[in-house]
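**Student:** This is my_file30.tsv (TSV, C-alpha atoms and all ligand atoms).
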chain	number	residue	atom	x	y	z
A	1	MET	CA	5.73	-0.18	22.58
A	2	LYS	CA	5.74	3.38	21.33
A	3	ASN	CA	3.17	4.91	19.06
A	4	VAL	CA	4.86	6.98	16.37
A	5	TYR	CA	2.66	8.40	13.64
A	6	PHE	CA	4.78	9.38	10.63
A	7	ASP	CA	2.05	9.06	8.00
A	8	ASN	CA	0.72	12.61	8.01
A	9	ASN	CA	0.54	12.86	4.21
A	10	ALA	CA	-2.13	10.14	4.40
A	11	THR	CA	-4.10	11.96	7.06
A	12	THR	CA	-3.50	14.05	10.17
A	13	CYS	CA	-4.99	13.98	13.65
A	14	VAL	CA	-7.70	16.56	14.28
A	15	ALA	CA	-6.22	19.40	16.36
A	16	PRO	CA	-7.87	19.71	19.81
A	17	GLU	CA	-8.64	23.40	19.09
A	18	VAL	CA	-10.45	22.28	15.90
A	19	VAL	CA	-12.58	19.75	17.82
A	20	GLU	CA	-13.45	22.44	20.34
A	21	ALA	CA	-14.46	24.88	17.60
A	22	MET	CA	-16.65	22.26	15.91
A	23	LEU	CA	-18.52	20.90	18.92
A	24	PRO	CA	-21.16	23.66	19.30
A	25	PHE	CA	-22.17	23.03	15.68
A	26	LEU	CA	-22.94	19.39	16.49
A	27	THR	CA	-24.98	20.29	19.56
A	28	ASP	CA	-26.54	23.77	19.87
A	29	TYR	CA	-26.11	25.34	16.43
A	30	TRP	CA	-27.54	22.80	14.01
A	31	GLY	CA	-29.61	25.06	11.76
A	32	ASN	CA	-29.40	25.06	7.97
A	33	PRO	CA	-27.34	28.09	6.90
A	34	SER	CA	-29.73	28.67	3.97
A	35	SER	CA	-32.77	29.07	6.29
A	36	MET	CA	-34.25	32.55	6.69
A	37	HIS	CA	-34.90	32.19	10.43
A	38	HIS	CA	-32.40	32.76	13.24
A	39	PHE	CA	-31.48	29.06	13.51
A	40	GLY	CA	-30.00	29.39	10.04
A	41	GLY	CA	-28.71	32.93	10.31
A	42	GLN	CA	-26.51	32.36	13.35
A	43	VAL	CA	-24.95	29.31	11.67
A	44	GLY	CA	-24.50	31.05	8.31
A	45	ARG	CA	-22.36	33.73	9.98
A	46	HIS	CA	-19.95	31.06	11.20
A	47	VAL	CA	-19.69	29.53	7.72
A	48	GLU	CA	-18.69	32.97	6.41
A	49	GLU	CA	-16.17	33.43	9.22
A	50	ALA	CA	-14.64	30.06	8.31
A	51	ARG	CA	-14.53	31.10	4.64
A	52	ALA	CA	-12.59	34.23	5.60
A	53	LYS	CA	-10.09	32.18	7.64
A	54	VAL	CA	-9.50	29.74	4.77
A	55	ALA	CA	-9.11	32.67	2.35
A	56	ALA	CA	-6.57	34.30	4.68
A	57	LEU	CA	-4.32	31.21	4.61
A	58	ILE	CA	-3.84	31.60	0.85
A	59	ASN	CA	-4.41	35.38	0.61
A	60	ALA	CA	-7.59	35.00	-1.45
A	61	ASP	CA	-10.83	36.92	-1.34
A	62	PRO	CA	-13.41	34.96	0.73
A	63	SER	CA	-15.84	35.06	-2.22
A	64	GLU	CA	-13.34	32.91	-4.16
A	65	ILE	CA	-13.52	29.99	-1.69
A	66	VAL	CA	-15.95	27.15	-2.48
A	67	PHE	CA	-16.43	24.51	0.21
A	68	THR	CA	-16.41	20.89	-1.02
A	69	SER	CA	-16.38	17.46	0.60
A	70	CYS	CA	-12.68	16.64	0.05
A	71	GLY	CA	-9.60	17.22	-2.08
A	72	THR	CA	-10.77	14.65	-4.61
A	73	GLU	CA	-14.01	16.54	-5.17
A	74	SER	CA	-12.12	19.82	-5.52
A	75	ASP	CA	-9.78	18.33	-8.16
A	76	ASN	CA	-12.70	16.79	-10.07
A	77	MET	CA	-14.70	20.02	-9.89
A	78	ALA	CA	-11.78	22.05	-11.24
A	79	LEU	CA	-10.92	19.70	-14.10
A	80	VAL	CA	-14.38	18.64	-15.24
A	81	GLY	CA	-15.85	22.13	-14.65
A	82	ALA	CA	-13.09	23.92	-16.59
A	83	ALA	CA	-13.09	21.28	-19.35
A	84	GLU	CA	-16.86	21.55	-19.86
A	85	ALA	CA	-16.64	25.34	-19.90
A	86	ALA	CA	-13.85	25.21	-22.52
A	87	GLY	CA	-15.51	22.58	-24.73
A	88	LYS	CA	-14.58	19.20	-26.16
A	89	GLY	CA	-11.21	18.85	-27.83
A	90	THR	CA	-9.55	21.35	-25.47
A	91	ARG	CA	-6.02	20.38	-24.47
A	92	ILE	CA	-5.53	19.48	-20.81
A	93	VAL	CA	-1.92	19.38	-19.62
A	94	THR	CA	-0.97	17.57	-16.44
A	95	THR	CA	1.92	15.49	-15.07
A	96	ARG	CA	2.48	11.78	-14.65
A	97	VAL	CA	3.04	12.20	-10.90
A	98	GLU	CA	-0.32	13.76	-9.98
A	99	HIS	CA	-2.59	12.16	-7.40
A	100	PRO	CA	-5.28	9.84	-8.88
A	101	ALA	CA	-7.79	12.59	-7.95
A	102	VAL	CA	-6.34	14.50	-10.94
A	103	LEU	CA	-5.15	11.66	-13.19
A	104	SER	CA	-8.47	9.77	-13.13
A	105	PRO	CA	-10.67	12.71	-14.21
A	106	CYS	CA	-8.07	13.54	-16.90
A	107	ARG	CA	-8.26	10.00	-18.25
A	108	HIS	CA	-12.07	10.17	-18.10
A	109	LEU	CA	-11.99	13.45	-20.04
A	110	LYS	CA	-9.73	11.81	-22.63
A	111	GLU	CA	-12.46	9.24	-23.27
A	112	LEU	CA	-14.89	12.14	-23.75
A	113	GLY	CA	-12.74	13.65	-26.51
A	114	TYR	CA	-10.35	16.00	-24.70
A	115	ASP	CA	-6.67	16.10	-25.68
A	116	ILE	CA	-4.70	15.04	-22.60
A	117	VAL	CA	-0.95	15.61	-22.30
A	118	GLU	CA	0.88	14.05	-19.32
A	119	LEU	CA	4.32	15.56	-18.70
A	120	GLY	CA	7.10	13.39	-17.29
A	121	VAL	CA	9.59	14.14	-14.51
A	122	ASP	CA	13.34	13.54	-14.16
A	123	ALA	CA	15.09	11.22	-11.70
A	124	SER	CA	14.74	13.75	-8.88
A	125	GLY	CA	11.01	14.18	-9.57
A	126	GLN	CA	11.34	17.60	-11.21
A	127	LEU	CA	9.40	18.85	-14.18
A	128	ASP	CA	10.96	19.86	-17.49
A	129	LEU	CA	9.59	23.37	-17.89
A	130	SER	CA	10.54	23.51	-21.57
A	131	ALA	CA	8.20	20.54	-22.14
A	132	LEU	CA	5.46	22.52	-20.37
A	133	ARG	CA	6.17	25.57	-22.58
A	134	LYS	CA	5.84	23.38	-25.66
A	135	ALA	CA	2.62	21.72	-24.42
A	136	VAL	CA	0.85	25.03	-23.76
A	137	ALA	CA	2.08	26.79	-26.91
A	138	ALA	CA	-0.57	25.27	-29.22
A	139	GLY	CA	-3.40	27.49	-27.94
A	140	PRO	CA	-5.84	27.90	-25.04
A	141	CYS	CA	-5.58	24.96	-22.67
A	142	ILE	CA	-6.23	23.85	-19.11
A	143	VAL	CA	-3.23	22.93	-16.96
A	144	SER	CA	-3.37	20.97	-13.71
A	145	ILE	CA	-0.03	20.67	-11.92
A	146	MET	CA	0.32	19.86	-8.24
A	147	TRP	CA	2.08	22.23	-5.84
A	148	ALA	CA	3.80	19.43	-3.93
A	149	ASN	CA	3.90	15.69	-4.41
A	150	ASN	CA	2.21	13.54	-1.78
A	151	GLU	CA	4.70	10.65	-2.08
A	152	THR	CA	8.08	12.34	-2.39
A	153	GLY	CA	7.28	15.84	-1.12
A	154	VAL	CA	8.90	17.29	-4.28
A	155	ILE	CA	7.71	20.88	-4.80
A	156	PHE	CA	7.01	22.10	-8.32
A	157	PRO	CA	7.94	25.74	-9.11
A	158	ILE	CA	4.34	26.87	-9.22
A	159	GLU	CA	5.11	30.60	-9.57
A	160	GLU	CA	7.20	29.90	-12.69
A	161	ILE	CA	4.60	27.44	-13.98
A	162	ALA	CA	1.88	30.07	-13.49
A	163	GLN	CA	3.87	32.62	-15.53
A	164	ILE	CA	4.29	30.10	-18.37
A	165	VAL	CA	0.65	29.00	-18.40
A	166	LYS	CA	-0.84	32.48	-18.06
A	167	GLY	CA	1.63	33.81	-20.62
A	168	ALA	CA	0.23	31.27	-23.08
A	169	GLY	CA	-3.38	32.18	-22.24
A	170	GLY	CA	-4.11	28.92	-20.36
A	171	VAL	CA	-6.17	28.19	-17.25
A	172	LEU	CA	-4.13	26.89	-14.29
A	173	HIS	CA	-5.35	24.59	-11.56
A	174	THR	CA	-3.02	23.37	-8.82
A	175	ASP	CA	-3.60	20.55	-6.38
A	176	ALA	CA	-2.26	22.10	-3.19
A	177	VAL	CA	-3.65	19.36	-0.93
A	178	GLN	CA	-0.17	18.59	0.44
A	179	ALA	CA	1.23	22.11	0.25
A	180	ALA	CA	-1.50	23.98	2.12
A	181	GLY	CA	-0.57	24.63	5.73
A	182	LYS	CA	3.02	23.48	5.13
A	183	LEU	CA	4.19	26.13	2.65
A	184	PRO	CA	3.20	29.78	2.27
A	185	ILE	CA	0.64	30.21	-0.53
A	186	ASP	CA	-0.29	33.60	-1.94
A	187	VAL	CA	-2.80	33.59	-4.77
A	188	ALA	CA	-2.70	37.39	-4.90
A	189	THR	CA	0.85	37.27	-6.24
A	190	THR	CA	0.79	33.87	-7.97
A	191	PRO	CA	-1.61	33.90	-10.94
A	192	ILE	CA	-3.29	30.54	-10.26
A	193	ASP	CA	-6.91	30.24	-11.39
A	194	MET	CA	-7.95	27.32	-9.18
A	195	LEU	CA	-6.43	25.59	-6.16
A	196	SER	CA	-7.54	22.49	-4.23
A	197	MET	CA	-7.14	21.91	-0.50
A	198	SER	CA	-8.29	19.14	1.82
A	199	GLY	CA	-9.15	19.50	5.51
A	200	HIS	CA	-7.78	16.21	6.77
A	201	LYS	CA	-4.25	16.97	5.60
A	202	LEU	CA	-3.99	19.98	7.90
A	203	HIS	CA	-5.53	18.84	11.18
A	204	ALA	CA	-9.21	19.34	10.29
A	205	PRO	CA	-11.47	16.28	9.89
A	206	LYS	CA	-11.95	14.12	6.81
A	207	GLY	CA	-14.92	15.12	4.67
A	208	VAL	CA	-14.24	18.78	3.97
A	209	GLY	CA	-12.15	20.60	1.38
A	210	ILE	CA	-12.13	23.73	-0.70
A	211	LEU	CA	-11.65	24.82	-4.26
A	212	TYR	CA	-10.28	28.32	-4.67
A	213	VAL	CA	-11.72	29.79	-7.88
A	214	ARG	CA	-10.27	33.11	-9.01
A	215	LYS	CA	-12.95	35.66	-9.96
A	216	GLY	CA	-13.73	35.43	-13.65
A	217	THR	CA	-12.57	31.80	-14.09
A	218	LYS	CA	-14.87	29.94	-16.47
A	219	LEU	CA	-16.16	26.89	-14.61
A	220	LYS	CA	-19.26	24.86	-15.39
A	221	THR	CA	-21.12	23.84	-12.22
A	222	PHE	CA	-20.12	20.30	-11.33
A	223	MET	CA	-22.54	19.50	-8.49
A	224	LEU	CA	-26.08	20.35	-9.55
A	225	GLY	CA	-28.93	21.08	-7.13
A	226	GLY	CA	-29.60	23.99	-4.76
A	227	HIS	CA	-28.03	27.44	-4.74
A	228	GLN	CA	-25.46	26.90	-2.00
A	229	GLU	CA	-21.95	28.32	-2.37
A	230	SER	CA	-23.31	31.07	-4.66
A	231	GLY	CA	-24.53	28.45	-7.12
A	232	ARG	CA	-21.05	26.92	-7.53
A	233	ARG	CA	-21.52	23.75	-5.44
A	234	ALA	CA	-24.96	22.46	-4.54
A	235	GLY	CA	-25.63	20.60	-1.28
A	236	THR	CA	-26.34	21.75	2.27
A	237	GLU	CA	-23.10	22.92	3.86
A	238	ASN	CA	-21.29	20.59	6.28
A	239	VAL	CA	-21.24	23.32	8.91
A	240	PRO	CA	-19.27	21.68	11.77
A	241	TYR	CA	-16.54	20.54	9.38
A	242	ILE	CA	-16.41	23.89	7.60
A	243	VAL	CA	-16.01	25.62	10.97
A	244	GLY	CA	-13.29	23.06	11.83
A	245	LEU	CA	-11.48	23.74	8.57
A	246	GLY	CA	-11.59	27.48	9.27
A	247	LYS	CA	-10.01	26.91	12.69
A	248	ALA	CA	-7.38	24.54	11.20
A	249	CYS	CA	-6.42	27.18	8.61
A	250	GLU	CA	-6.17	29.83	11.32
A	251	LEU	CA	-3.87	27.56	13.35
A	252	ALA	CA	-1.76	26.71	10.30
A	253	ALA	CA	-1.42	30.40	9.36
A	254	SER	CA	-0.21	31.32	12.84
A	255	SER	CA	2.43	28.57	13.06
A	256	ILE	CA	3.55	27.98	9.47
A	257	ASP	CA	6.84	29.90	9.61
A	258	GLU	CA	8.02	28.41	12.89
A	259	GLU	CA	6.79	24.88	12.10
A	260	ARG	CA	8.34	24.79	8.63
A	261	THR	CA	11.79	25.18	10.14
A	262	ARG	CA	11.22	22.94	13.15
A	263	VAL	CA	9.61	20.08	11.16
A	264	ALA	CA	12.25	20.31	8.40
A	265	ALA	CA	14.99	19.93	11.04
A	266	LEU	CA	13.25	16.82	12.42
A	267	ARG	CA	12.83	15.40	8.91
A	268	ASP	CA	16.52	16.05	8.17
A	269	ARG	CA	17.52	14.38	11.45
A	270	LEU	CA	15.42	11.33	10.53
A	271	GLU	CA	16.78	11.22	6.99
A	272	SER	CA	20.45	11.56	7.92
A	273	GLY	CA	20.03	9.15	10.85
A	274	LEU	CA	18.53	6.46	8.62
A	275	LEU	CA	21.07	7.01	5.86
A	276	ALA	CA	23.91	6.72	8.36
A	277	SER	CA	22.60	3.58	10.05
A	278	CYS	CA	21.22	1.66	7.04
A	279	THR	CA	23.41	0.90	4.01
A	280	ASP	CA	22.11	0.93	0.42
A	281	THR	CA	19.54	3.66	0.96
A	282	ILE	CA	18.49	6.39	-1.48
A	283	VAL	CA	16.33	9.45	-0.82
A	284	ASN	CA	13.83	9.77	-3.67
A	285	GLY	CA	13.60	13.40	-4.76
A	286	ALA	CA	16.74	14.35	-2.79
A	287	GLY	CA	17.96	16.79	-5.44
A	288	ALA	CA	14.71	18.77	-5.56
A	289	PRO	CA	13.07	21.30	-3.22
A	290	ARG	CA	10.78	19.28	-0.94
A	291	LEU	CA	8.02	19.73	1.62
A	292	PRO	CA	9.52	20.21	5.08
A	293	ASN	CA	7.71	17.20	6.55
A	294	THR	CA	8.32	14.48	3.94
A	295	THR	CA	11.07	12.03	3.16
A	296	ASN	CA	10.78	9.08	0.80
A	297	ILE	CA	13.60	6.60	1.27
A	298	SER	CA	14.33	3.48	-0.77
A	299	PHE	CA	15.84	0.65	1.26
A	300	GLN	CA	17.32	-1.32	-1.60
A	301	PHE	CA	16.76	-5.04	-2.19
A	302	ILE	CA	13.80	-5.39	0.21
A	303	GLU	CA	10.02	-4.94	0.00
A	304	GLY	CA	8.36	-1.80	1.34
A	305	GLU	CA	5.37	-3.78	2.62
A	306	ALA	CA	7.62	-6.04	4.71
A	307	ILE	CA	9.35	-2.98	6.20
A	308	LEU	CA	6.00	-1.41	7.05
A	309	TYR	CA	4.83	-4.61	8.70
A	310	HIS	CA	7.88	-4.72	11.00
A	311	LEU	CA	7.72	-0.97	11.65
A	312	SER	CA	4.08	-1.33	12.63
A	313	ASP	CA	5.09	-4.12	15.02
A	314	ALA	CA	7.45	-1.60	16.63
A	315	GLY	CA	4.58	0.92	16.87
A	316	VAL	CA	5.65	3.08	13.93
A	317	ALA	CA	3.20	4.14	11.20
A	318	ALA	CA	4.66	5.09	7.81
A	319	SER	CA	3.62	4.25	4.27
A	320	SER	CA	4.98	2.66	1.12
A	321	GLY	CA	4.45	3.76	-2.43
A	322	SER	CA	3.51	0.28	-3.55
A	323	ALA	CA	-0.03	-0.67	-4.37
A	324	CYS	CA	-1.06	-4.29	-4.25
A	325	THR	CA	-2.70	-4.80	-7.61
A	326	SER	CA	-3.76	-8.13	-9.07
A	327	GLY	CA	-1.56	-10.05	-6.68
A	328	SER	CA	1.66	-8.28	-7.65
A	329	LEU	CA	3.31	-5.50	-5.68
A	330	GLU	CA	3.78	-2.68	-8.15
A	331	PRO	CA	5.82	0.37	-7.16
A	332	SER	CA	3.82	3.60	-7.22
A	333	HIS	CA	3.30	5.56	-10.44
A	334	VAL	CA	5.29	8.45	-8.94
A	335	ILE	CA	8.37	6.34	-8.18
A	336	ARG	CA	8.09	4.67	-11.60
A	337	ALA	CA	7.80	8.04	-13.36
A	338	MET	CA	11.10	9.04	-11.72
A	339	GLY	CA	12.74	5.98	-13.26
A	340	VAL	CA	13.82	4.58	-9.89
A	341	PRO	CA	15.40	1.14	-10.54
A	342	PHE	CA	13.42	-1.98	-9.62
A	343	THR	CA	15.64	-2.94	-6.66
A	344	SER	CA	15.05	0.49	-5.05
A	345	ALA	CA	11.48	1.17	-6.16
A	346	HIS	CA	10.04	-1.78	-4.27
A	347	GLY	CA	11.62	-0.78	-0.99
A	348	SER	CA	10.48	2.84	-0.89
A	349	ILE	CA	9.04	4.12	2.38
A	350	ARG	CA	7.46	7.52	2.99
A	351	PHE	CA	7.81	9.10	6.41
A	352	SER	CA	5.66	12.21	6.78
A	353	LEU	CA	5.84	14.30	9.96
A	354	SER	CA	3.57	16.97	11.42
A	355	ARG	CA	3.70	19.84	13.87
A	356	TYR	CA	3.04	17.26	16.62
A	357	SER	CA	6.14	15.20	15.73
A	358	THR	CA	9.00	15.16	18.24
A	359	GLU	CA	12.74	14.51	18.32
A	360	GLU	CA	12.14	11.55	20.62
A	361	GLU	CA	9.92	9.94	17.97
A	362	VAL	CA	12.53	10.55	15.27
A	363	ASP	CA	15.23	8.92	17.40
A	364	TYR	CA	12.94	5.98	18.15
A	365	VAL	CA	12.57	5.30	14.40
A	366	ILE	CA	16.31	5.72	13.79
A	367	GLU	CA	16.95	3.17	16.53
A	368	HIS	CA	14.38	0.60	15.34
A	369	MET	CA	14.95	0.70	11.60
A	370	PRO	CA	18.45	-0.86	11.18
A	371	PRO	CA	17.60	-4.29	12.71
A	372	ILE	CA	14.45	-4.46	10.53
A	373	VAL	CA	16.43	-3.71	7.38
A	374	ALA	CA	19.21	-6.16	8.33
A	375	LYS	CA	16.71	-8.96	9.03
A	376	LEU	CA	14.84	-8.46	5.73
A	377	ARG	CA	18.07	-8.27	3.74
A	378	GLU	CA	19.15	-11.62	5.18
A	379	LEU	CA	16.02	-13.12	3.61
A	380	SER	CA	16.19	-11.14	0.34
A	381	PRO	CA	17.15	-12.97	-2.88
A	382	PHE	CA	18.38	-9.60	-4.29
A	383	ALA	CA	20.67	-8.44	-1.46
B	401	LIG	N1	-4.35	15.34	-3.91
B	401	LIG	C1	-3.28	14.98	-3.18
B	401	LIG	C2	-1.93	15.50	-3.57
B	401	LIG	C3	-3.42	14.11	-2.10
B	401	LIG	O1	-2.34	13.76	-1.39
B	401	LIG	C4	-4.71	13.64	-1.76
B	401	LIG	C5	-4.90	12.69	-0.67
B	401	LIG	O2	-4.00	11.95	-0.30
B	401	LIG	C6	-5.81	14.08	-2.54
B	401	LIG	C7	-5.59	14.92	-3.60
B	401	LIG	C8	-7.20	13.64	-2.21
B	401	LIG	O3	-7.68	14.32	-1.08
B	401	LIG	P1	-8.92	13.73	-0.24
B	401	LIG	O4	-8.39	12.57	0.53
B	401	LIG	O5	-9.34	14.86	0.64
B	401	LIG	O6	-9.96	13.35	-1.22
Could you write out this file's structure as structure tokens?
**Tutor:**
Amino acid sequence: MKNVYFDNNATTCVAPEVVEAMLPFLTDYWGNPSSMHHFGGQVGRHVEEARAKVAALINADPSEIVFTSCGTESDNMALVGAAEAAGKGTRIVTTRVEHPAVLSPCRHLKELGYDIVELGVDASGQLDLSALRKAVAAGPCIVSIMWANNETGVIFPIEEIAQIVKGAGGVLHTDAVQAAGKLPIDVATTPIDMLSMSGHKLHAPKGVGILYVRKGTKLKTFMLGGHQESGRRAGTENVPYIVGLGKACELAASSIDEERTRVAALRDRLESGLLASCTDTIVNGAGAPRLPNTTNISFQFIEGEAILYHLSDAGVAASSGSACTSGSLEPSHVIRAMGVPFTSAHGSIRFSLSRYSTEEEVDYVIEHMPPIVAKLRELSPFA
């Protein structure tokens, strides 16, 4: 049985070069970077080197990079910190297809008296920019719109969004957890105020992330305690993981152009192969610009969970948008927001590739999928 990992939007393997870079900081260099003595000093230098490497990936100034524990923390820090700095009642504009790491703090802020606006998307997962213009026109606001969607890979036009939000005097945060390392990001030319990234989505370990905070952005400190991260995020730095994230960003920066094209070709081969060999299939988000590594395909009339189970039996790891809540299998909020019909929404499967994915793996999935789909359709009351 083969082992094919096509669930890289959930998490990625840690690159061997990243492990190698981290190891000395788990053995010889274990000092606290805040310490005055040389144990701390030698470690602190490596934290700053990592900061510079992360900054280089998005063309930021290193002083604008704040290390956090994950993408979720970065999103919470941006939203809660900016909301507290702006004051109760401030309008916060987001979309219905954000990750829960954005939607949950927004809903929490709503309970605290903030005015939350959630923008919808069309059938291909794209945002109506005129609705955004209207939402930000009322006065100073905070906007949080993701760069790329984790489930469908649909990319939002963040440069255009930034022009609209900044033109209206708003503060813009973007969740770039899925975009970072897969798409070029340049905060020097795109007027974003804050941007979230997560290590484990780009071949660094779980448990480290960053929030980019443009100089001058008003942000109330979210994590209170010591003076680490220039007073912006208390807590002793997770040095090995920070060093690992720096290395992962360096690797991503050096291969992004080549890998974008290569991975997109593999994704397209997978997509067209599955569409040709399985009837009644729809690519969710097909009409929109998408991440090079992601395809979300609905196999109509069958359950995503059942497909995943059989794929897993064949050694293939993918993911479905459904979440098993209170005993019923509900399609994901992203697929629902796109208005995907019931018979398609339940059978949606996300395949997400990485720079380690190969043509052989793609062909293995194309070969193993049709019998799984045929078998499940035989049993389906809807087919
Ligand atoms: N935002 C997006 C778009 C994600 O895909 C994820 C994780 O899947 C997160 C935020 C949360 O990141 P983390 O797992 O590092 O907390």
**Student:** Neighbouring residues of ligand LIG 401 (chain B) are defined here as those with any atom at most 8 Å from a ligand atom, counting all atoms listed in the file; list them as a CSV table (one decimal) with C-alpha atoms, in the frame of the given file.
**Tutor:**
chain,number,residue,atom,x,y,z
A,9,ASN,CA,0.5,12.9,4.2
A,10,ALA,CA,-2.1,10.1,4.4
A,11,THR,CA,-4.1,12.0,7.1
A,69,SER,CA,-16.4,17.5,0.6
A,70,CYS,CA,-12.7,16.6,0.0
A,71,GLY,CA,-9.6,17.2,-2.1
A,72,THR,CA,-10.8,14.6,-4.6
A,73,GLU,CA,-14.0,16.5,-5.2
A,75,ASP,CA,-9.8,18.3,-8.2
A,98,GLU,CA,-0.3,13.8,-10.0
A,99,HIS,CA,-2.6,12.2,-7.4
A,100,PRO,CA,-5.3,9.8,-8.9
A,101,ALA,CA,-7.8,12.6,-8.0
A,102,VAL,CA,-6.3,14.5,-10.9
A,146,MET,CA,0.3,19.9,-8.2
A,148,ALA,CA,3.8,19.4,-3.9
A,149,ASN,CA,3.9,15.7,-4.4
A,150,ASN,CA,2.2,13.5,-1.8
A,151,GLU,CA,4.7,10.6,-2.1
A,175,ASP,CA,-3.6,20.6,-6.4
A,176,ALA,CA,-2.3,22.1,-3.2
A,177,VAL,CA,-3.6,19.4,-0.9
A,178,GLN,CA,-0.2,18.6,0.4
A,196,SER,CA,-7.5,22.5,-4.2
A,197,MET,CA,-7.1,21.9,-0.5
A,198,SER,CA,-8.3,19.1,1.8
A,199,GLY,CA,-9.2,19.5,5.5
A,200,HIS,CA,-7.8,16.2,6.8
A,201,LYS,CA,-4.2,17.0,5.6
A,206,LYS,CA,-12.0,14.1,6.8
A,207,GLY,CA,-14.9,15.1,4.7
A,208,VAL,CA,-14.2,18.8,4.0
A,209,GLY,CA,-12.2,20.6,1.4
**Student:** For Tyr212 in chain A, which residue among A:Cys106, A:Ile307, A:Leu245, A:Val66 is the nearest when counting only C-alpha atoms?
**Tutor:**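 That would be A:Val66, the residue with the smallest distance to Tyr212 in chain A.
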**Student:** Using all atoms listed in the file - which residues lie no farther than 6 Å from the point (-10.7, 27.9, 1.4) in the file's frame? Write them as a PyMOL selection string.
**Tutor:** chain A and resi 51+54-55+65+210
**Student:** Do you know which residues are at most 10 Å from Lys2 in chain A counting all atoms listed in the file, after dropping those on the same chain fewer than 3 positions away, and could you put them as a VMD selection string?
**Tutor:** chain A and resid 5 313 to 316 361 364 to 365
**Student:** Looking at all atoms listed in the file, which of A:Thr68, A:Ser312, A:Asn59, A:Ser298 is the one that sits closest to Pro331 in chain A?
**Tutor:**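 Nearest candidate to Pro331 in chain A out of A:Thr68, A:Ser312, A:Asn59, A:Ser298: A:Ser298.
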**Student:** Please report the interatomic distance between CA of Ile185 in chain A and CA of Ala288 in chain A in Å with one decimal.
**Tutor:**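 About the pair CA of Ile185 in chain A and CA of Ala288 in chain A: they are 18.8 Å apart.
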**Student:** So that I can check the surroundings of Leu79 in chain A, please list as an mmCIF file with C-alpha atoms, keeping the file's coordinate frame every protein, DNA and RNA residue that reaches within 10 Å of it, counting all atoms listed in the file and ignoring chain neighbours fewer than 5 positions away.
**Tutor:**
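Once everything was written out, this is out_26.cif:
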data_model
loop_
_atom_site.group_PDB
_atom_site.id
_atom_site.type_symbol
_atom_site.label_atom_id
_atom_site.label_comp_id
_atom_site.auth_asym_id
_atom_site.auth_seq_id
_atom_site.Cartn_x
_atom_site.Cartn_y
_atom_site.Cartn_z
ATOM 1 C CA GLU A 73 -14.010 16.540 -5.170
ATOM 2 C CA SER A 74 -12.120 19.820 -5.520
ATOM 3 C CA GLU A 84 -16.860 21.550 -19.860
ATOM 4 C CA ALA A 85 -16.640 25.340 -19.900
ATOM 5 C CA ILE A 92 -5.530 19.480 -20.810
ATOM 6 C CA ALA A 101 -7.790 12.590 -7.950
ATOM 7 C CA VAL A 102 -6.340 14.500 -10.940
ATOM 8 C CA LEU A 103 -5.150 11.660 -13.190
ATOM 9 C CA PRO A 105 -10.670 12.710 -14.210
ATOM 10 C CA CYS A 106 -8.070 13.540 -16.900
ATOM 11 C CA LEU A 109 -11.990 13.450 -20.040
ATOM 12 C CA ILE A 142 -6.230 23.850 -19.110
ATOM 13 C CA VAL A 143 -3.230 22.930 -16.960
ATOM 14 C CA SER A 144 -3.370 20.970 -13.710
ATOM 15 C CA LEU A 172 -4.130 26.890 -14.290
ATOM 16 C CA HIS A 173 -5.350 24.590 -11.560
ATOM 17 C CA MET A 194 -7.950 27.320 -9.180
ATOM 18 C CA LEU A 219 -16.160 26.890 -14.610
ATOM 19 C CA LYS A 220 -19.260 24.860 -15.390
ATOM 20 C CA PHE A 222 -20.120 20.300 -11.330
#
**Student:** Kindly assemble as a Markdown table a list of the range 290-363 of chain A residues that lie within 12 Å of range 251-269 of chain A, each paired with its nearest atom pair and their distance in Å to one decimal, using all atoms listed in the file, sorted first by chain and then by ascending residue number.
**Tutor:**
| residue | atom | partner | partner_atom | distance |
| --- | --- | --- | --- | --- |
| A:Arg290 | CA | A:Ala264 | CA | 9.5 |
| A:Leu291 | CA | A:Ala264 | CA | 8.0 |
| A:Pro292 | CA | A:Ala264 | CA | 4.3 |
| A:Asn293 | CA | A:Val263 | CA | 5.8 |
| A:Thr294 | CA | A:Arg267 | CA | 6.8 |
| A:Thr295 | CA | A:Arg267 | CA | 6.9 |
| A:Asn296 | CA | A:Arg267 | CA | 10.5 |
| A:Ile297 | CA | A:Arg267 | CA | 11.7 |
| A:Arg350 | CA | A:Arg267 | CA | 11.2 |
| A:Phe351 | CA | A:Arg267 | CA | 8.4 |
| A:Ser352 | CA | A:Arg267 | CA | 8.1 |
| A:Leu353 | CA | A:Val263 | CA | 7.0 |
| A:Ser354 | CA | A:Val263 | CA | 6.8 |
| A:Arg355 | CA | A:Glu259 | CA | 6.2 |
| A:Tyr356 | CA | A:Val263 | CA | 9.0 |
| A:Ser357 | CA | A:Val263 | CA | 7.5 |
| A:Thr358 | CA | A:Leu266 | CA | 7.4 |
| A:Glu359 | CA | A:Leu266 | CA | 6.4 |
| A:Glu360 | CA | A:Leu266 | CA | 9.8 |
| A:Glu361 | CA | A:Leu266 | CA | 9.4 |
| A:Val362 | CA | A:Leu266 | CA | 6.9 |
| A:Asp363 | CA | A:Arg269 | CA | 8.4 |
**Student:** Measure the distance from CA of Lys375 in chain A to CA of Glu305 in chain A in Å and round it to one decimal.
**Tutor:**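 Straight-line distance from CA of Lys375 in chain A to CA of Glu305 in chain A works out to 14.0 Å.
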**Student:** How far is it from CA of Val340 in chain A to CA of Ile164 in chain A, in Å with one decimal?
**Tutor:** 28.5 Å
**Student:** With distances taken over all atoms listed in the file, which of A:Glu303, A:Glu48, A:Glu250, A:Asp193 is nearest to Lys218 in chain A?
**Tutor:**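 Under the stated criterion, the closest residue is A:Asp193.
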